[in-house]
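Source file: structure-v4.cif. Holds: mmCIF, C-alpha atoms.
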```cif
data_work
loop_
_atom_site.label_atom_id
_atom_site.label_comp_id
_atom_site.auth_asym_id
_atom_site.auth_seq_id
_atom_site.Cartn_x
_atom_site.Cartn_y
_atom_site.Cartn_z
CA MET A 568 -29.99 46.17 47.91
CA LYS A 569 -30.97 44.13 44.87
CA LEU A 570 -34.10 42.15 45.55
CA VAL A 571 -34.57 39.66 42.73
CA ILE A 572 -37.54 37.39 42.01
CA VAL A 573 -36.67 34.39 39.86
CA ASP A 574 -38.97 33.79 36.89
CA TYR A 575 -38.77 30.31 35.43
CA GLY A 576 -42.15 30.33 33.71
CA SER A 577 -44.11 29.35 36.77
CA GLY A 578 -47.16 31.55 36.61
CA ASN A 579 -47.73 34.95 37.99
CA LEU A 580 -44.88 36.61 39.85
CA ARG A 581 -46.40 40.03 39.81
CA SER A 582 -48.26 39.40 43.08
CA VAL A 583 -44.96 38.70 44.86
CA GLN A 584 -43.43 41.85 43.41
CA ARG A 585 -46.50 43.88 44.27
CA SER A 586 -46.49 42.61 47.87
CA PHE A 587 -42.88 43.71 48.29
CA GLU A 588 -43.87 47.05 46.79
CA ARG A 589 -46.60 47.45 49.38
CA ALA A 590 -44.04 46.72 52.08
CA GLY A 591 -41.89 49.51 50.62
CA PHE A 592 -39.33 47.51 48.61
CA SER A 593 -38.74 47.49 44.89
CA SER A 594 -37.67 44.29 43.19
CA SER A 595 -36.96 42.95 39.74
CA ILE A 596 -38.30 39.83 38.07
CA THR A 597 -35.71 37.98 36.01
CA ARG A 598 -34.74 34.78 34.26
CA ASP A 599 -31.23 36.02 33.54
CA PRO A 600 -28.57 34.01 35.44
CA ASN A 601 -26.33 37.09 35.59
CA VAL A 602 -28.99 39.11 37.40
CA VAL A 603 -29.44 36.25 39.88
CA GLU A 604 -25.69 36.29 40.56
CA GLU A 605 -25.79 40.00 41.34
CA ALA A 606 -28.76 39.78 43.71
CA THR A 607 -28.45 40.61 47.39
CA HIS A 608 -31.84 39.01 48.19
CA LEU A 609 -33.24 36.19 46.12
CA VAL A 610 -36.87 35.05 46.01
CA VAL A 611 -37.87 31.82 44.32
CA PRO A 612 -41.66 31.56 44.20
CA GLY A 613 -43.68 29.08 42.24
CA VAL A 614 -46.75 27.02 41.71
CA GLY A 615 -46.99 23.86 39.66
CA ALA A 616 -45.14 20.58 39.65
CA PHE A 617 -41.74 19.85 41.19
CA SER A 618 -40.33 18.12 38.11
CA ASP A 619 -41.39 20.92 35.72
CA CYS A 620 -39.85 23.46 38.05
CA MET A 621 -36.47 21.69 38.19
CA GLU A 622 -36.48 21.16 34.42
CA ASN A 623 -37.23 24.82 33.72
CA LEU A 624 -34.56 26.04 36.13
CA GLU A 625 -32.09 23.70 34.44
CA LYS A 626 -33.09 24.80 30.94
CA LEU A 627 -32.72 28.46 31.88
CA GLN A 628 -29.33 27.70 33.50
CA LEU A 629 -30.57 29.04 36.81
CA LEU A 630 -29.77 26.02 39.00
CA GLU A 631 -26.09 26.79 39.50
CA PRO A 632 -26.54 30.52 40.24
CA ILE A 633 -29.28 29.68 42.77
CA ARG A 634 -27.14 26.98 44.36
CA SER A 635 -24.11 29.24 44.72
CA PHE A 636 -26.29 32.07 46.05
CA ILE A 637 -27.52 29.77 48.81
CA LYS A 638 -24.03 28.36 49.47
CA ALA A 639 -22.80 31.93 50.04
CA ASP A 640 -25.45 32.25 52.78
CA LYS A 641 -27.09 35.24 51.18
CA PRO A 642 -30.78 35.85 52.04
CA TYR A 643 -32.92 33.39 50.06
CA LEU A 644 -36.68 33.12 50.30
CA GLY A 645 -38.37 30.12 48.76
CA ILE A 646 -42.15 30.16 48.44
CA CYS A 647 -44.16 26.96 47.93
CA LEU A 648 -42.20 25.17 45.16
CA GLY A 649 -39.29 27.44 46.08
CA LEU A 650 -39.26 25.54 49.37
CA GLN A 651 -39.80 22.09 47.90
CA ILE A 652 -36.89 22.25 45.43
CA LEU A 653 -34.47 22.76 48.35
CA PHE A 654 -34.88 19.12 49.26
CA SER A 655 -32.88 16.25 47.81
CA GLU A 656 -35.77 14.53 46.12
CA GLY A 657 -39.26 15.23 44.82
CA THR A 658 -41.83 12.54 44.16
CA GLU A 659 -44.43 14.42 42.09
CA PHE A 660 -44.81 12.90 38.58
CA GLY A 661 -41.97 10.44 39.20
CA SER A 662 -38.86 10.85 41.32
CA LYS A 663 -36.75 13.87 40.50
CA HIS A 664 -33.69 15.39 42.15
CA GLY A 665 -34.04 18.75 43.83
CA LEU A 666 -31.28 21.18 44.76
CA GLY A 667 -30.29 18.96 47.66
CA ILE A 668 -29.62 21.85 50.03
CA LEU A 669 -31.72 20.19 52.73
CA PRO A 670 -31.64 16.40 53.09
CA GLY A 671 -35.11 15.00 52.80
CA GLN A 672 -37.97 14.27 50.48
CA VAL A 673 -41.00 16.04 49.10
CA VAL A 674 -44.01 13.80 49.68
CA ARG A 675 -47.75 13.89 49.07
CA PHE A 676 -50.25 14.21 51.89
CA PRO A 677 -51.45 10.71 52.83
CA LYS A 678 -54.77 9.60 51.41
CA ASN A 679 -57.33 9.86 54.20
CA ASP A 680 -60.43 11.88 54.95
CA LEU A 681 -58.71 15.20 54.40
CA LYS A 682 -59.04 17.06 51.13
CA VAL A 683 -55.99 17.39 48.90
CA PRO A 684 -54.84 19.99 47.86
CA HIS A 685 -54.52 21.49 51.32
CA MET A 686 -56.13 24.77 50.32
CA GLY A 687 -56.95 27.82 52.40
CA TRP A 688 -55.85 29.66 55.51
CA ASN A 689 -54.10 27.61 58.16
CA GLN A 690 -52.09 28.40 61.28
CA ILE A 691 -48.37 28.19 61.92
CA GLN A 692 -46.85 26.83 65.11
CA ILE A 693 -43.49 28.47 65.64
CA GLN A 694 -40.73 25.93 66.36
CA LYS A 695 -37.76 28.27 66.37
CA LYS A 696 -37.32 32.00 66.54
CA ILE A 697 -36.09 33.31 63.21
CA PRO A 698 -35.84 36.92 61.96
CA LEU A 699 -38.32 36.13 59.18
CA LEU A 700 -41.09 35.72 61.78
CA LYS A 701 -40.40 38.92 63.69
CA GLY A 702 -43.71 40.41 64.83
CA ILE A 703 -45.68 37.38 63.65
CA PRO A 704 -47.52 35.62 66.47
CA ASN A 705 -47.72 31.89 67.06
CA GLY A 706 -50.98 30.63 65.53
CA ALA A 707 -51.02 33.26 62.76
CA TYR A 708 -52.97 32.31 59.64
CA PHE A 709 -51.30 32.08 56.21
CA TYR A 710 -52.70 31.03 52.86
CA PHE A 711 -51.71 27.55 51.66
CA VAL A 712 -52.30 25.70 48.43
CA HIS A 713 -50.33 22.50 47.86
CA SER A 714 -50.59 18.72 47.71
CA TYR A 715 -46.95 17.96 48.60
CA TYR A 716 -44.75 19.05 51.47
CA GLY A 717 -41.06 18.89 52.32
CA LYS A 718 -40.05 16.30 54.87
CA PRO A 719 -36.52 16.96 56.15
CA THR A 720 -34.33 14.14 57.45
CA GLU A 721 -33.07 16.43 60.23
CA SER A 722 -35.66 18.39 62.17
CA ASP A 723 -33.35 21.29 63.09
CA CYS A 724 -34.26 23.21 59.91
CA ILE A 725 -37.97 23.29 60.81
CA ALA A 726 -39.01 26.86 61.69
CA THR A 727 -42.79 26.36 61.79
CA THR A 728 -45.19 23.47 61.54
CA THR A 729 -48.83 23.41 60.49
CA ASP A 730 -51.47 20.83 61.29
CA TYR A 731 -53.26 19.14 58.43
CA GLY A 732 -53.89 15.57 59.48
CA LEU A 733 -50.27 15.62 60.59
CA ALA A 734 -47.91 18.36 61.68
CA PHE A 735 -45.92 19.13 58.54
CA PRO A 736 -43.05 21.65 58.24
CA SER A 737 -44.60 24.86 56.88
CA ALA A 738 -41.44 26.97 57.04
CA VAL A 739 -37.78 25.98 57.15
CA SER A 740 -34.57 27.90 57.70
CA HIS A 741 -30.85 27.31 57.65
CA GLY A 742 -28.63 30.32 58.19
CA ARG A 743 -30.04 33.01 55.94
CA LEU A 744 -31.91 30.51 53.84
CA PHE A 745 -35.66 30.72 54.46
CA ALA A 746 -38.54 29.02 52.78
CA CYS A 747 -42.24 28.72 53.43
CA GLN A 748 -44.83 26.36 52.04
CA PHE A 749 -47.53 29.01 52.41
CA HIS A 750 -47.90 32.08 50.22
CA PRO A 751 -47.01 35.32 52.02
CA GLU A 752 -47.98 37.24 48.87
CA LYS A 753 -51.54 35.92 49.27
CA SER A 754 -51.67 36.31 53.05
CA GLN A 755 -52.73 39.93 53.37
CA GLU A 756 -51.21 41.94 56.25
CA ILE A 757 -49.40 39.08 57.98
CA GLY A 758 -47.80 38.07 54.68
CA ARG A 759 -46.65 41.61 54.06
CA GLN A 760 -44.97 41.59 57.47
CA LEU A 761 -43.03 38.43 56.58
CA LEU A 762 -41.86 39.83 53.24
CA GLU A 763 -40.81 43.05 54.95
CA ASN A 764 -38.81 41.01 57.48
CA PHE A 765 -37.06 39.21 54.63
CA ALA A 766 -36.23 42.38 52.75
CA ASN A 767 -34.82 43.85 55.96
CA LEU A 768 -32.31 41.02 56.43
CA MET B 922 -56.42 24.18 62.02
CA LEU B 923 -57.48 24.80 58.44
CA ALA B 924 -60.11 27.54 58.46
CA LYS B 925 -63.33 27.33 56.49
CA ARG B 926 -63.22 29.98 53.79
CA ILE B 927 -65.70 32.79 53.21
CA ILE B 928 -65.62 33.86 49.58
CA PRO B 929 -67.51 36.90 48.35
CA CYS B 930 -68.39 36.59 44.69
CA LEU B 931 -68.53 39.49 42.28
CA ASP B 932 -70.68 38.93 39.23
CA VAL B 933 -69.18 41.14 36.55
CA LYS B 934 -70.77 42.40 33.37
CA SER B 935 -69.09 44.87 31.02
CA GLY B 936 -66.59 45.75 33.70
CA ARG B 937 -69.12 46.45 36.44
CA VAL B 938 -70.30 44.44 39.43
CA VAL B 939 -73.87 43.22 39.17
CA LYS B 940 -75.90 40.75 41.10
CA GLY B 941 -78.88 39.14 39.52
CA VAL B 942 -81.69 37.06 40.88
CA SER B 943 -81.54 33.66 39.19
CA PHE B 944 -79.27 35.11 36.50
CA VAL B 945 -81.81 37.70 35.25
CA ASN B 946 -82.86 41.16 36.54
CA LEU B 947 -79.34 42.45 36.84
CA LYS B 948 -78.65 45.52 38.94
CA ASP B 949 -75.53 47.56 38.39
CA ALA B 950 -73.75 48.44 41.56
CA GLY B 951 -70.06 49.03 41.75
CA ASP B 952 -66.54 49.12 40.51
CA PRO B 953 -65.06 45.62 40.89
CA VAL B 954 -61.62 46.78 42.06
CA GLU B 955 -63.11 49.00 44.77
CA VAL B 956 -65.48 46.24 45.88
CA ALA B 957 -62.54 43.79 45.99
CA LYS B 958 -60.49 46.13 48.18
CA ASN B 959 -63.45 46.64 50.46
CA TYR B 960 -63.92 42.87 50.83
CA GLU B 961 -60.26 42.46 51.68
CA ALA B 962 -60.55 45.12 54.38
CA GLN B 963 -63.53 43.20 55.77
CA GLY B 964 -61.43 40.02 56.03
CA ALA B 965 -62.52 38.00 53.00
CA ASP B 966 -60.47 34.82 52.60
CA GLU B 967 -60.61 34.77 48.82
CA LEU B 968 -62.39 36.52 45.99
CA CYS B 969 -64.30 35.16 43.08
CA PHE B 970 -65.07 37.01 39.85
CA LEU B 971 -67.67 35.55 37.57
CA ASP B 972 -67.87 37.18 34.17
CA ILE B 973 -71.50 36.67 33.28
CA THR B 974 -71.35 38.17 29.82
CA ALA B 975 -68.13 36.51 28.81
CA SER B 976 -68.38 37.55 25.20
CA SER B 977 -65.00 37.48 23.54
CA ASP B 978 -64.98 41.20 22.68
CA GLU B 979 -65.26 42.08 26.36
CA ARG B 980 -62.40 39.77 27.34
CA GLU B 981 -59.92 42.61 27.54
CA ILE B 982 -62.13 44.47 30.05
CA LEU B 983 -62.17 41.43 32.33
CA LEU B 984 -58.40 40.92 32.05
CA ASP B 985 -57.94 44.55 32.97
CA ILE B 986 -60.12 44.17 36.07
CA VAL B 987 -58.17 41.07 37.08
CA ARG B 988 -54.87 42.92 36.61
CA HIS B 989 -55.99 45.88 38.72
CA THR B 990 -57.49 43.69 41.41
CA ALA B 991 -54.40 41.51 41.66
CA ASP B 992 -52.36 44.67 42.11
CA GLU B 993 -54.56 45.96 44.88
CA VAL B 994 -55.34 42.91 47.03
CA SER B 995 -53.19 40.12 48.43
CA MET B 996 -55.47 37.17 48.63
CA PRO B 997 -56.35 34.44 46.12
CA VAL B 998 -58.62 35.42 43.25
CA THR B 999 -60.65 32.94 41.20
CA VAL B 1000 -61.97 34.05 37.84
CA GLY B 1001 -64.61 32.27 35.80
CA GLY B 1002 -66.93 32.80 32.88
CA GLY B 1003 -66.33 32.14 29.22
CA VAL B 1004 -63.16 30.10 29.68
CA ARG B 1005 -63.05 27.97 26.54
CA LYS B 1006 -59.44 27.29 25.68
CA VAL B 1007 -56.15 26.60 27.41
CA GLU B 1008 -55.04 30.05 26.18
CA ASP B 1009 -57.93 31.65 28.11
CA VAL B 1010 -56.60 30.03 31.28
CA GLN B 1011 -53.11 31.23 30.45
CA LEU B 1012 -54.31 34.83 29.89
CA LEU B 1013 -56.25 34.96 33.16
CA LEU B 1014 -53.40 33.47 35.19
CA SER B 1015 -50.92 35.90 33.63
CA ALA B 1016 -53.27 38.78 34.42
CA GLY B 1017 -53.05 37.77 38.09
CA ALA B 1018 -55.81 35.24 38.69
CA ASP B 1019 -54.78 32.46 41.06
CA LYS B 1020 -57.45 30.04 39.94
CA VAL B 1021 -59.62 29.79 36.88
CA ALA B 1022 -63.11 28.34 36.95
CA VAL B 1023 -64.18 26.20 34.01
CA ASN B 1024 -67.78 25.23 33.36
CA THR B 1025 -69.22 24.66 29.89
CA ALA B 1026 -65.82 23.98 28.31
CA ALA B 1027 -65.33 21.01 30.65
CA ILE B 1028 -68.62 19.50 29.50
CA THR B 1029 -67.85 20.06 25.83
CA ARG B 1030 -64.40 18.56 26.19
CA PRO B 1031 -63.47 16.96 29.57
CA GLU B 1032 -59.83 16.52 28.43
CA PHE B 1033 -59.59 20.29 28.63
CA VAL B 1034 -59.53 20.00 32.43
CA TYR B 1035 -56.81 17.38 32.25
CA GLU B 1036 -54.70 19.46 29.87
CA ALA B 1037 -55.11 22.70 31.82
CA SER B 1038 -54.41 21.12 35.21
CA ARG B 1039 -51.34 19.33 33.86
CA GLN B 1040 -50.02 22.54 32.36
CA PHE B 1041 -50.81 25.01 35.13
CA GLY B 1042 -51.16 22.76 38.18
CA SER B 1043 -54.30 21.19 39.64
CA SER B 1044 -54.64 23.88 42.27
CA THR B 1045 -55.26 26.51 39.58
CA ILE B 1046 -58.19 24.72 37.96
CA VAL B 1047 -61.63 25.01 39.54
CA VAL B 1048 -64.49 23.17 37.90
CA ALA B 1049 -67.76 25.06 38.29
CA ILE B 1050 -70.82 22.83 38.35
CA ASP B 1051 -74.32 24.27 37.97
CA ALA B 1052 -76.72 21.60 39.20
CA LYS B 1053 -80.48 21.37 39.21
CA ARG B 1054 -82.53 18.92 41.23
CA SER B 1055 -84.27 16.25 39.15
CA LYS B 1056 -88.06 16.39 39.19
CA ASP B 1057 -88.47 12.64 38.77
CA LYS B 1058 -85.69 11.07 40.81
CA ALA B 1059 -85.09 11.77 44.50
CA ASN B 1060 -81.60 12.97 45.44
CA HIS B 1061 -80.53 13.27 41.88
CA TRP B 1062 -79.14 16.41 40.33
CA GLU B 1063 -78.39 17.23 36.72
CA VAL B 1064 -75.58 19.39 35.37
CA TYR B 1065 -76.63 22.50 33.44
CA THR B 1066 -74.58 24.82 31.27
CA HIS B 1067 -74.87 28.33 29.84
CA GLY B 1068 -75.98 29.94 33.09
CA GLY B 1069 -78.58 27.27 33.80
CA ARG B 1070 -80.28 27.26 30.39
CA ASN B 1071 -79.08 23.98 28.91
CA ALA B 1072 -79.58 20.59 30.51
CA THR B 1073 -76.81 18.08 29.84
CA GLY B 1074 -78.30 14.85 31.20
CA ILE B 1075 -75.14 14.39 33.30
CA ASP B 1076 -75.42 13.38 36.95
CA ALA B 1077 -73.84 16.14 39.07
CA ILE B 1078 -72.17 13.86 41.61
CA ALA B 1079 -70.67 11.53 39.02
CA TRP B 1080 -69.52 14.60 37.14
CA ALA B 1081 -67.73 16.01 40.20
CA VAL B 1082 -65.93 12.69 40.68
CA LYS B 1083 -64.91 12.62 37.02
CA MET B 1084 -63.60 16.18 37.19
CA GLU B 1085 -61.47 15.27 40.20
CA ASP B 1086 -60.03 12.38 38.18
CA CYS B 1087 -59.28 14.79 35.33
CA GLY B 1088 -57.18 16.91 37.66
CA ALA B 1089 -59.52 19.61 38.96
CA GLY B 1090 -58.19 21.12 42.18
CA GLU B 1091 -61.52 22.35 43.49
CA ILE B 1092 -65.24 22.23 42.76
CA LEU B 1093 -67.44 25.33 42.75
CA LEU B 1094 -70.90 23.91 43.20
CA THR B 1095 -73.95 26.05 42.47
CA SER B 1096 -77.51 24.96 43.00
CA MET B 1097 -79.54 26.44 40.15
CA ASP B 1098 -82.72 25.86 42.14
CA GLN B 1099 -81.46 27.88 45.08
CA ASP B 1100 -79.45 30.55 43.29
CA GLY B 1101 -80.93 33.99 44.01
CA GLN B 1102 -83.61 32.55 46.29
CA THR B 1103 -82.03 33.52 49.64
CA THR B 1104 -83.50 30.39 51.26
CA GLY B 1105 -80.17 28.62 51.80
CA TYR B 1106 -77.86 26.23 49.94
CA ASP B 1107 -79.12 22.92 48.60
CA LEU B 1108 -77.60 21.07 51.53
CA GLU B 1109 -78.29 17.57 50.23
CA LEU B 1110 -76.58 18.34 46.95
CA THR B 1111 -73.63 20.00 48.71
CA ARG B 1112 -73.18 17.11 51.11
CA ALA B 1113 -73.46 14.47 48.39
CA VAL B 1114 -70.76 16.15 46.29
CA CYS B 1115 -68.50 16.79 49.31
CA GLU B 1116 -68.73 13.14 50.29
CA GLY B 1117 -68.06 12.03 46.73
CA VAL B 1118 -64.78 13.85 46.09
CA HIS B 1119 -61.41 14.34 47.82
CA ILE B 1120 -60.83 17.89 46.65
CA PRO B 1121 -62.20 21.06 48.29
CA VAL B 1122 -65.78 22.05 47.47
CA ILE B 1123 -67.15 25.60 47.51
CA ALA B 1124 -70.90 25.76 48.13
CA SER B 1125 -72.80 28.40 46.18
CA GLY B 1126 -76.31 29.54 45.46
CA GLY B 1127 -79.03 30.57 47.85
CA VAL B 1128 -77.49 32.31 50.85
CA GLY B 1129 -79.82 34.74 52.59
CA THR B 1130 -78.75 34.54 56.22
CA LEU B 1131 -75.68 33.75 58.30
CA GLU B 1132 -77.37 30.56 59.43
CA HIS B 1133 -77.22 29.44 55.78
CA LEU B 1134 -73.43 29.83 55.74
CA TYR B 1135 -73.25 27.77 58.92
CA GLU B 1136 -75.43 25.04 57.43
CA GLY B 1137 -73.41 24.88 54.23
CA LEU B 1138 -70.19 24.35 56.18
CA THR B 1139 -71.56 21.91 58.73
CA ILE B 1140 -74.53 19.97 57.32
CA GLY B 1141 -73.34 20.47 53.74
CA LEU B 1142 -69.70 19.68 54.70
CA ALA B 1143 -68.42 22.39 52.34
CA ASP B 1144 -64.82 23.57 52.66
CA ALA B 1145 -65.76 27.09 51.66
CA VAL B 1146 -68.92 29.11 51.15
CA LEU B 1147 -69.49 31.58 48.39
CA ALA B 1148 -72.05 34.35 48.53
CA ALA B 1149 -72.73 37.43 46.44
CA SER B 1150 -75.89 39.32 47.42
CA ILE B 1151 -75.65 39.26 51.21
CA PHE B 1152 -72.19 40.82 51.06
CA HIS B 1153 -72.78 42.97 48.03
CA TYR B 1154 -75.89 44.63 49.42
CA GLN B 1155 -74.26 44.72 52.86
CA THR B 1156 -77.01 42.70 54.49
CA TYR B 1157 -74.09 41.29 56.48
CA GLY B 1158 -70.42 42.20 56.66
CA ILE B 1159 -67.82 39.50 56.11
CA HIS B 1160 -66.34 40.03 59.54
CA GLU B 1161 -69.79 39.81 61.04
CA ALA B 1162 -70.35 36.51 59.22
CA LYS B 1163 -67.06 35.12 60.50
CA ALA B 1164 -67.72 36.22 64.06
CA TYR B 1165 -71.08 34.47 63.89
CA LEU B 1166 -69.51 31.25 62.55
CA ALA B 1167 -66.74 31.34 65.17
CA LYS B 1168 -69.32 31.68 67.90
CA ARG B 1169 -71.02 28.58 66.56
CA GLY B 1170 -67.78 26.61 66.63
CA VAL B 1171 -66.77 26.76 62.97
CA PRO B 1172 -63.01 27.29 62.47
CA VAL B 1173 -62.61 30.63 60.67
CA ARG B 1174 -59.80 33.15 60.34
CA LEU B 1175 -60.81 36.23 62.31
#
```
Starting from the coordinates I provided, produce the structure as structure tokens.
Amino acid sequence: MKLVIVDYGSGNLRSVQRSFERAGFSSSITRDPNVVEEATHLVVPGVGAFSDCMENLEKLQLLEPIRSFIKADKPYLGICLGLQILFSEGTEFGSKHGLGILPGQVVRFPKNDLKVPHMGWNQIQIQKKIPLLKGIPNGAYFYFVHSYYGKPTESDCIATTTDYGLAFPSAVSHGRLFACQFHPEKSQEIGRQLLENFANL
Amino acid sequence: MLAKRIIPCLDVKSGRVVKGVSFVNLKDAGDPVEVAKNYEAQGADELCFLDITASSDEREILLDIVRHTADEVSMPVTVGGGVRKVEDVQLLLSAGADKVAVNTAAITRPEFVYEASRQFGSSTIVVAIDAKRSKDKANHWEVYTHGGRNATGIDAIAWAVKMEDCGAGEILLTSMDQDGQTTGYDLELTRAVCEGVHIPVIASGGVGTLEHLYEGLTIGLADAVLAASIFHYQTYGIHEAKAYLAKRGVPVRL
């Protein structure tokens, strides 16, 4: 297998690589479109802003390889921004087109009494059984840090939801495309389990 | 439900963990990477490193500790102390820090917080506020810098609000009156700041008992509580603290 983590200048990817290592899988970090094309498993992590992320992927000519990877239904794991860019449209720092794999928008948490960013450990409610969640119980805690979330037009892609003022989709799936808003690489043992499940696909 | 976070803090000097009483009388006790791993095993939700020397020639030592820690634990790590420039933030994030705490630099140049949060994302920028209760005015706190030595004349609550506007993703609030006193957080200060901002607030300074953690999260309304001594000297274990909080109805991750 070729487990590849996409580097588009969005912070520290070492923790993702190290978490896979701990689960017993070696991976490479790349910004080379050719390496992305040859991957068997692709991970797109990321922190930061939606628009910056799309711009960087475009600049590095990574958008097309990522899109065709997903179209071929090869195992894709999006983390945080790697989930958000799957949607048609982001609204952070002005409207910006995403990959458009999943119809829907990326929206900010509504302004109310709750703190934004949504930061810390929160629970997942499993909405559909997917291989990524094998061995992970309903109500398990994962680490979140984000102000925006993906809101799909069709609910059938929602794998888990999480309550933060409202029940937002915290993981989505479509075929062998998986993405989570939380950070498995920061979620200790339960996160390691999820990454192991992905690498075993 | 979002859990309240328990964050052990490691005060680091010359690559070693120390814990002082009111920032003096430092005792040396431990290798930071080993302590970090131990805290993870105990169920810590996050870690915080505060470099209390933060002289530029020891920067490489700190970066090395951050690198090793990030390799060994999988939970968020905040690093603070001596962060002056955007490049300092960049270096710490590249070394594996998830968040960087900024204190004095924000006072000297508030735009720094705006620039750093725009470049690296709000969620990576924590503004650390050291506040001291005013002797003349009731319910008024002043911001201090340089480990509590220099008064700035700035109102702590107004400052927290301004930092949120500048793009800070979180506030790390330390009561300089309570720090090292083990008599509990300054609950009025904590509550006033928590009510004033819409970003998460970490309460710090003064924990001596588990009851203090409970008070900080409930009366103080803090989103997270930070403590150094009680965990470092193993007065209480982190799991023990969480079990206590859970029993008292506080949502925690057990």
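Between atom CA of Leu733 of chain A and atom CA of Met922 of chain B there is a distance of 10.6 Å.
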Excluding same-chain residues fewer than 2 positions from Lys695 of chain A, what lies within 9 Å of it counting only C-alpha atoms, as a PDB file with C-alpha atoms, keeping the file's coordinate frame?
```
ATOM      1  CA  ILE A 693     -43.490  28.470  65.640  1.00  0.00           C
ATOM      2  CA  ILE A 697     -36.090  33.310  63.210  1.00  0.00           C
ATOM      3  CA  ASP A 723     -33.350  21.290  63.090  1.00  0.00           C
ATOM      4  CA  CYS A 724     -34.260  23.210  59.910  1.00  0.00           C
ATOM      5  CA  ILE A 725     -37.970  23.290  60.810  1.00  0.00           C
ATOM      6  CA  ALA A 726     -39.010  26.860  61.690  1.00  0.00           C
ATOM      7  CA  THR A 727     -42.790  26.360  61.790  1.00  0.00           C
TER       8      THR A 727
END
```
- Item | Residue members of the PyMOL selection byres ((chain B) within 9 of (chain A)) in the file shown, as JSON, numbers by chain | {"B": [922, 923, 924, 925, 926, 961, 966, 967, 991, 992, 993, 994, 995, 996, 997, 1011, 1014, 1015, 1016, 1017, 1018, 1019, 1039, 1040, 1041, 1042, 1043, 1044, 1045, 1090, 1091, 1118, 1119, 1120, 1121, 1144, 1145, 1173, 1174]}
Can I get the selection written as a PDB file, keeping the file's coordinate frame, with C-alpha atoms?
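Below is the file that was written, again-v4.pdb:
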```pdb
ATOM      1  CA  MET B 922     -56.420  24.180  62.020  1.00  0.00           C
ATOM      2  CA  LEU B 923     -57.480  24.800  58.440  1.00  0.00           C
ATOM      3  CA  ALA B 924     -60.110  27.540  58.460  1.00  0.00           C
ATOM      4  CA  LYS B 925     -63.330  27.330  56.490  1.00  0.00           C
ATOM      5  CA  ARG B 926     -63.220  29.980  53.790  1.00  0.00           C
ATOM      6  CA  GLU B 961     -60.260  42.460  51.680  1.00  0.00           C
ATOM      7  CA  ASP B 966     -60.470  34.820  52.600  1.00  0.00           C
ATOM      8  CA  GLU B 967     -60.610  34.770  48.820  1.00  0.00           C
ATOM      9  CA  ALA B 991     -54.400  41.510  41.660  1.00  0.00           C
ATOM     10  CA  ASP B 992     -52.360  44.670  42.110  1.00  0.00           C
ATOM     11  CA  GLU B 993     -54.560  45.960  44.880  1.00  0.00           C
ATOM     12  CA  VAL B 994     -55.340  42.910  47.030  1.00  0.00           C
ATOM     13  CA  SER B 995     -53.190  40.120  48.430  1.00  0.00           C
ATOM     14  CA  MET B 996     -55.470  37.170  48.630  1.00  0.00           C
ATOM     15  CA  PRO B 997     -56.350  34.440  46.120  1.00  0.00           C
ATOM     16  CA  GLN B1011     -53.110  31.230  30.450  1.00  0.00           C
ATOM     17  CA  LEU B1014     -53.400  33.470  35.190  1.00  0.00           C
ATOM     18  CA  SER B1015     -50.920  35.900  33.630  1.00  0.00           C
ATOM     19  CA  ALA B1016     -53.270  38.780  34.420  1.00  0.00           C
ATOM     20  CA  GLY B1017     -53.050  37.770  38.090  1.00  0.00           C
ATOM     21  CA  ALA B1018     -55.810  35.240  38.690  1.00  0.00           C
ATOM     22  CA  ASP B1019     -54.780  32.460  41.060  1.00  0.00           C
ATOM     23  CA  ARG B1039     -51.340  19.330  33.860  1.00  0.00           C
ATOM     24  CA  GLN B1040     -50.020  22.540  32.360  1.00  0.00           C
ATOM     25  CA  PHE B1041     -50.810  25.010  35.130  1.00  0.00           C
ATOM     26  CA  GLY B1042     -51.160  22.760  38.180  1.00  0.00           C
ATOM     27  CA  SER B1043     -54.300  21.190  39.640  1.00  0.00           C
ATOM     28  CA  SER B1044     -54.640  23.880  42.270  1.00  0.00           C
ATOM     29  CA  THR B1045     -55.260  26.510  39.580  1.00  0.00           C
ATOM     30  CA  GLY B1090     -58.190  21.120  42.180  1.00  0.00           C
ATOM     31  CA  GLU B1091     -61.520  22.350  43.490  1.00  0.00           C
ATOM     32  CA  VAL B1118     -64.780  13.850  46.090  1.00  0.00           C
ATOM     33  CA  HIS B1119     -61.410  14.340  47.820  1.00  0.00           C
ATOM     34  CA  ILE B1120     -60.830  17.890  46.650  1.00  0.00           C
ATOM     35  CA  PRO B1121     -62.200  21.060  48.290  1.00  0.00           C
ATOM     36  CA  ASP B1144     -64.820  23.570  52.660  1.00  0.00           C
ATOM     37  CA  ALA B1145     -65.760  27.090  51.660  1.00  0.00           C
ATOM     38  CA  VAL B1173     -62.610  30.630  60.670  1.00  0.00           C
ATOM     39  CA  ARG B1174     -59.800  33.150  60.340  1.00  0.00           C
TER      40      ARG B1174
END
```
- Message: Applying 10 Å and only C-alpha atoms, which residues near Ala1148 of chain B remain after dropping the ones on its own chain fewer than 5 positions away? List them as an NGL selection string.
- Response: :B and (927-931 or 969 or 1100-1101 or 1124-1129 or 1134 or 1153)
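With distances restricted to all atoms listed in the file, B:Val1114 is the closest residue to Trp1062 of chain B from B:Ala1037, B:Ala1049, B:Val1114, B:Lys1163.
From atom CA of Leu648 of chain A back to atom CA of Gly1002 of chain B, the distance works out to 28.6 Å.
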- Apply the PyMOL selection byres ((chain A and resi 746) around 7) to the structure shown and report the selected residues as a PyMOL selection string. chain A and resi 644-646+649-650+738-740+744-745+747-748
